[in-house]
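Colleague: File work01.csv below, CSV, C-alpha atoms:
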```csv
chain,number,residue,atom,x,y,z
A,1,GLY,CA,4.7,39.3,-55.9
A,2,ILE,CA,6.2,36.2,-57.5
A,3,GLY,CA,9.5,35.1,-55.9
A,4,THR,CA,9.1,37.1,-52.7
A,5,ARG,CA,8.6,35.7,-49.2
A,6,GLY,CA,5.1,35.8,-47.8
A,7,PRO,CA,3.9,36.3,-44.3
A,8,GLY,CA,3.6,32.5,-43.8
A,9,GLU,CA,7.3,32.0,-44.3
A,10,LYS,CA,8.1,34.7,-41.7
A,11,LYS,CA,5.8,33.0,-39.2
A,12,LEU,CA,7.5,29.7,-39.8
A,13,GLU,CA,10.9,31.2,-39.3
A,14,MET,CA,9.7,32.8,-36.1
A,15,ASP,CA,8.3,29.5,-34.8
A,16,ARG,CA,11.6,27.8,-35.5
A,17,ARG,CA,13.6,30.4,-33.6
A,18,LEU,CA,11.3,30.2,-30.6
A,19,ILE,CA,11.5,26.4,-30.7
A,20,HIS,CA,15.4,26.5,-30.8
A,21,GLU,CA,15.4,29.0,-27.9
A,22,ARG,CA,13.1,26.7,-25.9
A,23,ILE,CA,15.3,23.7,-26.6
A,24,GLY,CA,18.3,25.7,-25.4
A,25,GLN,CA,16.5,26.8,-22.3
A,26,LEU,CA,15.5,23.2,-21.5
A,27,LYS,CA,19.0,21.9,-22.0
A,28,SER,CA,20.3,24.5,-19.6
A,29,GLU,CA,17.7,23.5,-17.0
A,30,LEU,CA,18.6,19.8,-17.5
A,31,GLU,CA,22.3,20.7,-16.9
A,32,GLU,CA,21.4,22.5,-13.7
A,33,VAL,CA,19.3,19.5,-12.5
A,34,LYS,CA,22.3,17.2,-13.3
A,35,ARG,CA,24.7,19.4,-11.3
A,36,HIS,CA,22.3,19.5,-8.4
A,37,ARG,CA,21.9,15.7,-8.5
A,38,ASP,CA,25.6,15.2,-8.7
A,39,VAL,CA,26.1,17.3,-5.5
A,40,ILE,CA,23.4,15.3,-3.7
A,41,ARG,CA,24.9,12.0,-5.0
A,42,LYS,CA,28.3,12.9,-3.7
A,43,GLN,CA,26.9,13.8,-0.3
A,44,ARG,CA,25.2,10.4,-0.2
A,45,GLU,CA,28.5,8.7,-1.1
A,46,LYS,CA,30.2,10.4,1.8
A,47,ALA,CA,27.5,9.1,4.2
A,48,HIS,CA,28.1,5.5,2.7
A,49,THR,CA,24.3,4.9,2.9
A,50,PRO,CA,23.3,2.0,0.6
A,51,VAL,CA,21.0,3.0,-2.3
A,52,ALA,CA,18.4,0.7,-3.8
A,53,ALA,CA,17.0,1.7,-7.2
A,54,ILE,CA,13.4,0.6,-8.0
A,55,VAL,CA,13.3,-0.2,-11.7
A,56,GLY,CA,10.8,-1.9,-14.0
A,57,TYR,CA,8.7,-1.7,-17.1
A,58,THR,CA,6.2,1.3,-17.1
A,59,ASN,CA,3.1,0.7,-14.9
A,60,ALA,CA,4.7,-2.2,-13.0
A,61,GLY,CA,3.8,-0.5,-9.7
A,62,LYS,CA,7.2,1.1,-8.8
A,63,SER,CA,5.8,4.3,-7.3
A,64,THR,CA,3.1,2.3,-5.4
A,65,LEU,CA,5.8,0.1,-3.9
A,66,LEU,CA,7.9,3.2,-2.9
A,67,ASN,CA,4.8,4.7,-1.3
A,68,ARG,CA,4.1,1.4,0.6
A,69,LEU,CA,7.7,1.2,1.9
A,70,THR,CA,8.2,4.9,2.8
A,71,ASP,CA,4.8,6.7,2.9
A,72,ALA,CA,6.3,9.0,0.3
A,73,GLY,CA,3.0,10.1,-1.3
A,74,ILE,CA,4.4,9.8,-4.9
A,75,LEU,CA,2.1,10.0,-7.8
A,76,ALA,CA,1.1,6.5,-8.9
A,77,GLU,CA,-1.0,6.4,-12.0
A,78,ASP,CA,-1.7,3.7,-14.7
A,79,LYS,CA,-0.2,5.7,-17.6
A,80,LEU,CA,3.0,6.0,-19.5
A,81,PHE,CA,5.8,8.0,-17.7
A,82,ALA,CA,3.7,8.9,-14.7
A,83,THR,CA,7.1,9.2,-12.9
A,84,LEU,CA,9.5,11.4,-14.9
A,85,ASP,CA,11.8,12.6,-12.1
A,86,THR,CA,13.7,10.5,-9.6
A,87,THR,CA,12.3,10.5,-6.1
A,88,VAL,CA,14.7,9.4,-3.3
A,89,ARG,CA,13.4,8.5,0.2
A,90,LYS,CA,15.3,7.3,3.3
A,91,ILE,CA,14.0,4.3,5.3
A,92,ALA,CA,15.4,2.1,8.0
A,93,ILE,CA,14.8,-1.6,8.3
A,94,LYS,CA,15.8,-3.1,11.6
A,95,ASN,CA,17.9,0.0,12.3
A,96,VAL,CA,19.8,-0.3,9.0
A,97,PRO,CA,19.4,2.9,6.9
A,98,LEU,CA,18.7,2.7,3.2
A,99,LEU,CA,17.9,5.1,0.4
A,100,LEU,CA,15.1,4.1,-2.1
A,101,ALA,CA,15.1,5.7,-5.5
A,102,ASP,CA,12.0,5.5,-7.7
A,103,THR,CA,12.9,5.7,-11.5
A,104,VAL,CA,11.1,6.2,-14.8
A,105,GLY,CA,9.4,3.2,-16.3
A,106,PHE,CA,11.3,1.4,-19.0
A,107,ILE,CA,9.7,0.9,-22.4
A,108,ARG,CA,10.8,-0.8,-25.7
A,109,LYS,CA,13.1,1.4,-27.8
A,110,LEU,CA,13.1,4.6,-25.7
A,111,PRO,CA,13.1,7.5,-28.2
A,112,HIS,CA,16.5,9.1,-28.6
A,113,HIS,CA,15.1,12.6,-27.9
A,114,LEU,CA,13.8,11.4,-24.5
A,115,VAL,CA,17.1,9.8,-23.4
A,116,GLU,CA,18.6,13.1,-22.2
A,117,SER,CA,15.5,13.9,-20.2
A,118,PHE,CA,15.8,10.6,-18.4
A,119,LYS,CA,19.5,10.7,-17.9
A,120,SER,CA,19.3,11.8,-14.2
A,121,THR,CA,17.0,9.0,-13.3
A,122,LEU,CA,19.1,6.4,-15.2
A,123,ASP,CA,22.2,7.7,-13.4
A,124,GLU,CA,20.5,6.7,-10.1
A,125,VAL,CA,20.2,3.1,-11.5
A,126,ARG,CA,23.9,3.1,-12.5
A,127,GLU,CA,25.1,4.4,-9.1
A,128,ALA,CA,22.8,2.2,-7.0
A,129,ASP,CA,24.0,-0.6,-4.7
A,130,VAL,CA,20.9,-2.7,-5.1
A,131,ILE,CA,18.3,-3.2,-7.8
A,132,LEU,CA,14.7,-3.8,-7.1
A,133,HIS,CA,13.3,-5.0,-10.4
A,134,VAL,CA,9.5,-4.7,-10.1
A,135,VAL,CA,7.4,-6.9,-12.5
A,136,ASP,CA,3.7,-6.8,-13.1
A,137,ILE,CA,3.0,-10.5,-13.0
A,138,SER,CA,-0.6,-10.0,-13.9
A,139,HIS,CA,0.4,-8.6,-17.3
A,140,PRO,CA,0.1,-11.2,-20.1
A,141,GLN,CA,3.5,-10.2,-21.6
A,142,PHE,CA,5.4,-9.8,-18.4
A,143,GLU,CA,8.2,-12.1,-19.6
A,144,ASP,CA,8.8,-9.7,-22.5
A,145,GLN,CA,8.8,-6.8,-20.2
A,146,ILE,CA,11.4,-8.5,-18.0
A,147,ARG,CA,13.6,-9.0,-21.0
A,148,VAL,CA,13.3,-5.3,-22.1
A,149,VAL,CA,14.3,-4.1,-18.6
A,150,ASN,CA,17.2,-6.6,-18.3
A,151,GLU,CA,18.5,-5.5,-21.7
A,152,THR,CA,18.3,-1.8,-20.7
A,153,LEU,CA,20.1,-2.5,-17.4
A,154,GLY,CA,22.8,-4.4,-19.4
A,155,GLU,CA,23.3,-1.2,-21.5
A,156,LEU,CA,23.5,1.0,-18.4
A,157,MET,CA,25.8,-1.0,-16.2
A,158,ASP,CA,29.0,-3.0,-16.9
A,159,ASN,CA,28.9,-4.9,-13.6
A,160,SER,CA,26.1,-6.9,-12.1
A,161,LYS,CA,24.5,-5.7,-8.8
A,162,PRO,CA,22.6,-7.5,-6.1
A,163,THR,CA,19.0,-7.8,-7.5
A,164,ILE,CA,15.7,-8.6,-6.0
A,165,THR,CA,13.0,-9.5,-8.6
A,166,VAL,CA,9.8,-8.2,-7.1
A,167,PHE,CA,6.8,-9.9,-8.9
A,168,ASN,CA,4.1,-7.4,-8.1
A,169,LYS,CA,0.2,-7.3,-8.4
A,170,ILE,CA,-0.4,-10.9,-7.4
A,171,ASP,CA,-3.8,-9.7,-6.2
A,172,ALA,CA,-4.7,-9.0,-9.9
A,173,PHE,CA,-3.3,-12.3,-11.2
A,174,THR,CA,-5.7,-14.6,-13.0
A,175,TYR,CA,-5.5,-17.8,-15.0
A,176,THR,CA,-7.7,-20.3,-16.8
A,177,LYS,CA,-7.6,-23.7,-15.3
A,178,LYS,CA,-7.7,-26.5,-17.8
A,179,GLU,CA,-10.2,-29.3,-17.5
A,180,GLU,CA,-8.9,-32.8,-16.7
A,181,ASP,CA,-10.1,-34.2,-20.0
A,182,ASP,CA,-8.6,-31.3,-22.0
A,183,LEU,CA,-5.7,-32.7,-24.0
A,184,THR,CA,-4.8,-29.6,-25.9
A,185,PRO,CA,-1.3,-28.1,-25.3
A,186,ILE,CA,-1.1,-26.0,-22.2
A,187,GLU,CA,-0.9,-22.2,-22.9
A,188,ARG,CA,0.5,-19.3,-21.0
A,189,LYS,CA,-3.0,-18.4,-19.7
A,190,ASN,CA,-3.3,-21.9,-18.1
A,191,TYR,CA,-0.3,-21.4,-15.7
A,192,SER,CA,-1.3,-20.7,-12.1
A,193,LEU,CA,0.8,-18.5,-9.8
A,194,GLU,CA,2.4,-21.5,-8.2
A,195,ASP,CA,3.3,-22.8,-11.7
A,196,LEU,CA,5.0,-19.5,-12.5
A,197,LYS,CA,6.8,-19.5,-9.2
A,198,GLN,CA,8.3,-22.9,-9.9
A,199,MET,CA,9.3,-21.8,-13.4
A,200,TRP,CA,11.0,-18.6,-12.4
A,201,MET,CA,12.8,-20.0,-9.4
A,202,SER,CA,15.3,-21.7,-11.8
A,203,LYS,CA,15.3,-18.9,-14.4
A,204,GLN,CA,15.8,-15.8,-12.3
A,205,GLU,CA,19.2,-14.9,-10.8
A,206,GLY,CA,19.2,-13.4,-7.4
A,207,GLU,CA,16.3,-13.2,-4.9
A,208,THR,CA,12.7,-13.3,-5.9
A,209,VAL,CA,9.6,-12.3,-4.0
A,210,TYR,CA,5.9,-12.2,-4.9
A,211,ILE,CA,3.9,-9.3,-3.5
A,212,SER,CA,1.0,-6.9,-3.8
A,213,ALA,CA,2.1,-3.4,-3.1
A,214,LYS,CA,-1.6,-2.4,-3.3
A,215,SER,CA,-2.8,-4.9,-0.6
A,216,LYS,CA,0.5,-5.1,1.3
A,217,GLU,CA,0.7,-8.9,0.8
A,218,ASN,CA,4.3,-10.2,1.5
A,219,ILE,CA,5.7,-6.7,2.0
A,220,GLU,CA,7.4,-7.9,5.2
A,221,GLU,CA,9.1,-10.7,3.3
A,222,LEU,CA,10.4,-8.1,0.8
A,223,LYS,CA,11.7,-6.0,3.6
A,224,GLU,CA,13.6,-9.0,5.0
A,225,LYS,CA,15.3,-9.6,1.7
A,226,ILE,CA,16.2,-5.9,1.4
A,227,TYR,CA,17.6,-5.9,5.0
A,228,ASP,CA,19.8,-8.9,4.3
A,229,ILE,CA,21.5,-7.2,1.4
A,230,ALA,CA,21.7,-3.8,3.1
A,231,LYS,CA,23.3,-5.4,6.1
A,232,ASP,CA,25.9,-7.1,4.0
A,233,ILE,CA,26.7,-3.7,2.4
A,234,HIS,CA,27.0,-2.0,5.8
A,235,SER,CA,29.2,-4.8,7.1
A,236,ALA,CA,31.6,-4.5,4.1
A,237,ARG,CA,31.8,-0.7,4.5
A,238,PHE,CA,32.0,-0.6,8.3
A,239,PRO,CA,33.6,-4.0,9.3
A,240,PHE,CA,34.4,-2.8,12.8
A,241,ASN,CA,31.0,-1.2,13.6
A,242,ASP,CA,28.2,-3.7,14.2
A,243,PHE,CA,26.2,-1.7,16.7
A,244,LEU,CA,23.2,-1.4,14.4
A,245,TYR,CA,22.8,-5.2,14.3
A,246,ARG,CA,23.8,-5.8,17.9
A,247,ASP,CA,21.2,-3.3,19.2
A,248,PHE,CA,18.5,-5.0,17.1
A,249,GLU,CA,19.4,-8.5,18.4
A,250,ILE,CA,19.4,-7.3,22.0
A,251,ASP,CA,16.0,-5.7,21.5
A,252,GLU,CA,14.6,-8.9,20.1
A,253,GLU,CA,15.9,-11.0,23.0
A,254,THR,CA,14.4,-8.7,25.6
A,255,LYS,CA,10.9,-8.6,24.0
```
Now that the file is in, can you turn its structure into structure tokens?

Modeller:
Amino acid sequence: GIGTRGPGEKKLEMDRRLIHERIGQLKSELEEVKRHRDVIRKQREKAHTPVAAIVGYTNAGKSTLLNRLTDAGILAEDKLFATLDTTVRKIAIKNVPLLLADTVGFIRKLPHHLVESFKSTLDEVREADVILHVVDISHPQFEDQIRVVNETLGELMDNSKPTITVFNKIDAFTYTKKEEDDLTPIERKNYSLEDLKQMWMSKQEGETVYISAKSKENIEELKEKIYDIAKDIHSARFPFNDFLYRDFEIDEETK
């Protein structure tokens, strides 16, 4: 009759109740994940092993780089949020142990309802000793993506950390070379890889390296840069224990 509730309203109320119950369940699961990660993080802190967080705009190649450095077998797909959970793997470069943490890809204006879901992976960035900022240099707007990531990092961390800017996907980089008699202003598409290297050498703070995680190009150069920073961290934490480096130097001399 007029003024009474119909079956449609009852179904809507039931759906709302189920949604609220599901939200409560997911929040409980997120809290459990957070507690679990806090325990793991405290265990890592006791071991004093340096942690390097791999950050970057979505689809920059972070998971591919982690797979290349650790053989982790992490899902690496060209789609938004292919990595939602933090994956941490241990490696050793010249006998120096290091933990690598893959994180969710950053985007412009991360929706507020997703922030809580990504809190655990963002905590890894906040607690890391070293930042590996992976950039897809083949993307036409890679400068804007760098800015977005740097702004996000600035919101996450009060203090600056040692950072290596890893310009990835040099194997996919292309540019349009201008003709000698072309007097029109040079555009972004006309810059070669060498031109960009010269430009970013003066702009970027910290170390920079140009690699292809897919084809392994310059991976060893990246490892050298990671090793130099990890060694400095170890030296600061264990000032009277240099056996890791001494053993390596002796091995090199006896080869």

Colleague: Record the distance separating CA of Ile54 in chain A and CA of Ile164 in chain A, expressed in Å with one decimal.

Modeller: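 According to the coordinates, CA of Ile54 in chain A and CA of Ile164 in chain A are separated by 9.7 Å.
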
Colleague: Place a sphere of radius 9 Å on (-6.4, -24.9, -14.7) in the file coordinates and name every protein, DNA or RNA residue with an atom inside or on its surface, counting only C-alpha atoms; give the answer as a VMD selection string.

Modeller: chain A and resid 175 to 180 189 to 192

Colleague: How many Å separate CA of Ile226 in chain A from CA of Pro239 in chain A?

Modeller: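 It comes out at 19.2 Å.
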
Colleague: Between A:Asp182, A:Asp171, A:Asp228, A:Glu187, which one has atoms that come closest to Tyr210 in chain A, using only C-alpha atoms?

Modeller: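 Checking each of A:Asp182, A:Asp171, A:Asp228, A:Glu187 against Tyr210 in chain A, counting only C-alpha atoms, the winner is A:Asp171.
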
Colleague: Ranking A:Gln25, A:Ser235, A:Thr87, A:Asn59 by minimum distance to Ile137 in chain A and counting all atoms listed in the file, which one comes first?

Modeller: A:Asn59

Colleague: Residues near Gln141 in chain A, anyone? I mean within 12 Å using all atoms listed in the file, not counting same-chain ones fewer than 4 positions away, as a PyMOL selection string.

Modeller: chain A and resi 57+60+135-137+145-148+188-189

Colleague: Kindly extract all protein, DNA and RNA residues lying within 10 Å of the coordinates (23.9, 0.7, -14.5) given in the file, considering all atoms listed in the file, and supply them as a short mmCIF file (atom, residue, chain, number, x, y, z; two decimals) with C-alpha atoms, in the frame of the given file.

Modeller:
```
data_model
loop_
_atom_site.label_atom_id
_atom_site.label_comp_id
_atom_site.auth_asym_id
_atom_site.auth_seq_id
_atom_site.Cartn_x
_atom_site.Cartn_y
_atom_site.Cartn_z
CA LEU A 122 19.10 6.40 -15.20
CA ASP A 123 22.20 7.70 -13.40
CA GLU A 124 20.50 6.70 -10.10
CA VAL A 125 20.20 3.10 -11.50
CA ARG A 126 23.90 3.10 -12.50
CA GLU A 127 25.10 4.40 -9.10
CA ALA A 128 22.80 2.20 -7.00
CA ASP A 129 24.00 -0.60 -4.70
CA ILE A 131 18.30 -3.20 -7.80
CA THR A 152 18.30 -1.80 -20.70
CA LEU A 153 20.10 -2.50 -17.40
CA GLY A 154 22.80 -4.40 -19.40
CA GLU A 155 23.30 -1.20 -21.50
CA LEU A 156 23.50 1.00 -18.40
CA MET A 157 25.80 -1.00 -16.20
CA ASP A 158 29.00 -3.00 -16.90
CA ASN A 159 28.90 -4.90 -13.60
CA SER A 160 26.10 -6.90 -12.10
CA LYS A 161 24.50 -5.70 -8.80
#
```

Colleague: In Å to one decimal, how far is CA of Arg68 in chain A from CA of Ser138 in chain A?

Modeller: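 Spanning CA of Ser138 in chain A to CA of Arg68 in chain A is a straight-line distance of 19.0 Å.
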
Colleague: Extract, using all atoms listed in the file, all DNA, RNA and protein residues at most 8 Å from Val51 in chain A, discarding same-chain residues fewer than 3 positions from it, and format them as a PDB file with C-alpha atoms, in the coordinates of the input.

Modeller:
```pdb
ATOM      1  CA  LEU A  98      18.700   2.700   3.200  1.00  0.00           C
ATOM      2  CA  LEU A  99      17.900   5.100   0.400  1.00  0.00           C
ATOM      3  CA  LEU A 100      15.100   4.100  -2.100  1.00  0.00           C
ATOM      4  CA  ALA A 101      15.100   5.700  -5.500  1.00  0.00           C
ATOM      5  CA  ALA A 128      22.800   2.200  -7.000  1.00  0.00           C
ATOM      6  CA  ASP A 129      24.000  -0.600  -4.700  1.00  0.00           C
ATOM      7  CA  VAL A 130      20.900  -2.700  -5.100  1.00  0.00           C
TER       8      VAL A 130
END
```

Colleague: Counting all atoms listed in the file, figure out which residue out of A:Leu12, A:Leu196, A:Ile170, A:Val134 gets nearest to Ser215 in chain A.

Modeller: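 Residue with the minimum atom-to-atom distance to Ser215 in chain A: A:Ile170.
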
Colleague: For each of A:Asp181, A:Ile233, A:Gly56, A:Ser63, take the minimum atom-to-atom distance to Phe142 in chain A, counting all atoms listed in the file, then give the residue where this is smallest.

Modeller: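 Closest to Phe142 in chain A, using all atoms listed in the file: A:Gly56.
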
Colleague: Given all atoms listed in the file as the basis, pick out the residue of A:Ala92, A:Phe167, A:Arg16, A:Val104 nearest to Trp200 in chain A.

Modeller: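 Checking each candidate against Trp200 in chain A, we get A:Phe167 as the closest.
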
Colleague: Would you mind writing range 121-132 of chain A with all heavy atoms, as a short mmCIF file (atom, residue, chain, number, x, y, z; two decimals), in the frame of the given file?

Modeller:
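Okay, part23.cif is ready:
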```
data_model
loop_
_atom_site.label_atom_id
_atom_site.label_comp_id
_atom_site.auth_asym_id
_atom_site.auth_seq_id
_atom_site.Cartn_x
_atom_site.Cartn_y
_atom_site.Cartn_z
N THR A 121 17.56 10.13 -13.95
CA THR A 121 17.00 9.00 -13.30
C THR A 121 17.72 7.69 -13.63
O THR A 121 17.84 6.79 -12.81
CB THR A 121 15.47 8.84 -13.64
OG1 THR A 121 14.88 7.86 -12.80
CG2 THR A 121 15.27 8.41 -15.08
N LEU A 122 18.27 7.62 -14.86
CA LEU A 122 19.10 6.40 -15.20
C LEU A 122 20.39 6.43 -14.48
O LEU A 122 20.94 5.36 -14.19
CB LEU A 122 19.28 6.41 -16.73
CG LEU A 122 18.01 6.28 -17.58
CD1 LEU A 122 18.35 6.29 -19.06
CD2 LEU A 122 17.24 5.01 -17.24
N ASP A 123 20.94 7.62 -14.17
CA ASP A 123 22.20 7.70 -13.40
C ASP A 123 21.96 7.09 -12.00
O ASP A 123 22.87 6.50 -11.42
CB ASP A 123 22.63 9.14 -13.26
CG ASP A 123 23.33 9.63 -14.52
OD1 ASP A 123 23.72 8.78 -15.33
OD2 ASP A 123 23.45 10.86 -14.69
N GLU A 124 20.76 7.26 -11.45
CA GLU A 124 20.50 6.70 -10.10
C GLU A 124 20.58 5.15 -10.19
O GLU A 124 21.05 4.52 -9.26
CB GLU A 124 19.07 7.08 -9.67
CG GLU A 124 18.91 8.54 -9.32
CD GLU A 124 19.67 8.93 -8.06
OE1 GLU A 124 20.12 8.02 -7.34
OE2 GLU A 124 19.82 10.13 -7.82
N VAL A 125 20.14 4.58 -11.30
CA VAL A 125 20.20 3.10 -11.50
C VAL A 125 21.70 2.72 -11.56
O VAL A 125 22.13 1.74 -10.93
CB VAL A 125 19.49 2.67 -12.73
CG1 VAL A 125 19.63 1.18 -12.94
CG2 VAL A 125 18.02 3.06 -12.65
N ARG A 126 22.47 3.47 -12.32
CA ARG A 126 23.90 3.10 -12.50
C ARG A 126 24.67 3.22 -11.22
O ARG A 126 25.61 2.43 -11.00
CB ARG A 126 24.48 4.10 -13.57
CG ARG A 126 25.85 3.70 -14.08
CD ARG A 126 26.36 4.68 -15.11
NE ARG A 126 25.55 4.65 -16.33
CZ ARG A 126 24.73 5.60 -16.70
NH1 ARG A 126 24.56 6.68 -15.95
NH2 ARG A 126 24.04 5.51 -17.82
N GLU A 127 24.33 4.17 -10.36
CA GLU A 127 25.10 4.40 -9.10
C GLU A 127 24.54 3.59 -7.94
O GLU A 127 25.13 3.61 -6.87
CB GLU A 127 25.09 5.87 -8.77
CG GLU A 127 25.69 6.77 -9.83
CD GLU A 127 27.18 6.50 -10.04
OE1 GLU A 127 27.83 6.10 -9.07
OE2 GLU A 127 27.66 6.69 -11.17
N ALA A 128 23.43 2.91 -8.11
CA ALA A 128 22.80 2.20 -7.00
C ALA A 128 23.61 0.99 -6.55
O ALA A 128 24.40 0.43 -7.31
CB ALA A 128 21.38 1.77 -7.38
N ASP A 129 23.40 0.60 -5.29
CA ASP A 129 24.00 -0.60 -4.70
C ASP A 129 23.18 -1.83 -4.94
O ASP A 129 23.70 -2.94 -5.04
CB ASP A 129 24.32 -0.40 -3.24
CG ASP A 129 25.21 0.79 -2.96
OD1 ASP A 129 26.39 0.74 -3.34
OD2 ASP A 129 24.71 1.78 -2.38
N VAL A 130 21.87 -1.63 -4.95
CA VAL A 130 20.90 -2.70 -5.10
C VAL A 130 19.86 -2.36 -6.09
O VAL A 130 19.48 -1.20 -6.20
CB VAL A 130 20.22 -3.01 -3.69
CG1 VAL A 130 19.35 -4.25 -3.78
CG2 VAL A 130 21.23 -3.13 -2.57
N ILE A 131 19.40 -3.36 -6.82
CA ILE A 131 18.30 -3.20 -7.80
C ILE A 131 17.09 -3.91 -7.36
O ILE A 131 17.15 -5.11 -7.08
CB ILE A 131 18.76 -3.65 -9.22
CG1 ILE A 131 20.02 -2.94 -9.69
CG2 ILE A 131 17.62 -3.45 -10.21
CD1 ILE A 131 19.86 -1.47 -9.90
N LEU A 132 15.98 -3.19 -7.28
CA LEU A 132 14.70 -3.80 -7.10
C LEU A 132 13.94 -3.80 -8.38
O LEU A 132 13.43 -2.76 -8.80
CB LEU A 132 13.87 -3.08 -5.98
CG LEU A 132 14.50 -2.94 -4.59
CD1 LEU A 132 13.53 -2.24 -3.64
CD2 LEU A 132 14.89 -4.29 -4.03
#
```
